[in-house]
Amino acid sequence: MSSVKQMLFVRSSKPPIVEIDSESGGVYVRFSDKAVAKTIERQSDGPIITVDVDRQGEVVGIEGLCFTEFSLSQILRQASVRADRVDLSKARFRTAASAHAAAVA
């Protein structure tokens, strides 16, 4: 049985910040600093994927768990998210530990 996923969109053109937690295999692709109003779970045959959206339904970020390797286009495809205005080659990558330290500072 196949399920149809509603396509979600990144409205911003700002390249994402990709936070990687190598211990858990977790990845968070952050497109916005807006507050998360809702988290949508996406069905996947592989990693666990959730999409955070703001009050207007715009994508704030995508979380993936249980990755051993990934590409940004793969995460977007599995999350059913389109980011047509975003230059993914300009994404910045950092470890989850450095992201946590920046948030606390």
# chains A, B, ... in the order shown; residues from 1 in each chain; ligands from 1
call {"tool": "residues_around", "arguments": {"residues": "Glu41 of chain A", "least_positions_apart": "3", "cutoff": "7 Å", "atoms": "only C-alpha atoms", "output": "PyMOL selection string"}}
result
chain A and resi 49-51
call {"tool": "write_last_selection", "arguments": {"atoms": "N, CA and C atoms", "output": "mmCIF file, in the first residue's frame"}}
result
data_model
loop_
_atom_site.group_PDB
_atom_site.id
_atom_site.type_symbol
_atom_site.label_atom_id
_atom_site.label_comp_id
_atom_site.auth_asym_id
_atom_site.auth_seq_id
_atom_site.Cartn_x
_atom_site.Cartn_y
_atom_site.Cartn_z
ATOM 1 N N ILE A 49 12.233 10.166 9.592
ATOM 2 C CA ILE A 49 12.242 11.546 9.093
ATOM 3 C C ILE A 49 11.064 12.318 9.682
ATOM 4 N N THR A 50 11.342 13.506 10.230
ATOM 5 C CA THR A 50 10.277 14.411 10.661
ATOM 6 C C THR A 50 10.567 15.798 10.074
ATOM 7 N N VAL A 51 9.495 16.558 9.862
ATOM 8 C CA VAL A 51 9.616 17.910 9.306
ATOM 9 C C VAL A 51 8.979 18.878 10.298
#
call {"tool": "select_by_dssp", "arguments": {"residues": "chain A", "states": "alpha helix (DSSP H)", "output": "mmCIF file with C-alpha atoms, in the first residue's frame"}}
result
data_model
loop_
_atom_site.group_PDB
_atom_site.id
_atom_site.type_symbol
_atom_site.label_atom_id
_atom_site.label_comp_id
_atom_site.auth_asym_id
_atom_site.auth_seq_id
_atom_site.Cartn_x
_atom_site.Cartn_y
_atom_site.Cartn_z
ATOM 1 C CA LEU A 72 20.763 16.750 1.293
ATOM 2 C CA SER A 73 18.793 15.851 -1.824
ATOM 3 C CA GLN A 74 18.068 12.407 -0.330
ATOM 4 C CA ILE A 75 16.773 13.931 2.915
ATOM 5 C CA LEU A 76 14.569 16.401 1.012
ATOM 6 C CA ARG A 77 13.183 13.607 -1.170
ATOM 7 C CA GLN A 78 12.422 11.313 1.795
ATOM 8 C CA ALA A 79 10.771 14.203 3.655
ATOM 9 C CA ALA A 96 25.448 18.829 17.046
ATOM 10 C CA ALA A 97 27.766 19.589 19.985
ATOM 11 C CA SER A 98 28.852 22.901 18.408
ATOM 12 C CA ALA A 99 25.228 23.721 17.549
ATOM 13 C CA HIS A 100 24.224 23.138 21.185
ATOM 14 C CA ALA A 101 27.105 25.309 22.434
ATOM 15 C CA ALA A 102 26.071 28.135 20.076
ATOM 16 C CA ALA A 103 22.448 27.917 21.275
ATOM 17 C CA VAL A 104 23.482 28.112 24.955
#
call {"tool": "closest_residue", "arguments": {"among": "A:Pro47, A:Pro16, A:Ser22, A:Gly61", "to": "Lys34 of chain A", "atoms": "only C-alpha atoms"}}
result
A:Gly61
call {"tool": "closest_residue", "arguments": {"among": "A:Val27, A:Leu8, A:Ile20, A:Ala91", "to": "Gly57 of chain A", "atoms": "only C-alpha atoms"}}
result
A:Leu8
call {"tool": "select_by_dssp", "arguments": {"residues": "chain A", "states": "strand (DSSP E or B)", "output": "number ranges by chain"}}
result
A: 8-9, 17-21, 26-30, 38-42, 48-53, 59-65, 81-82, 92-95
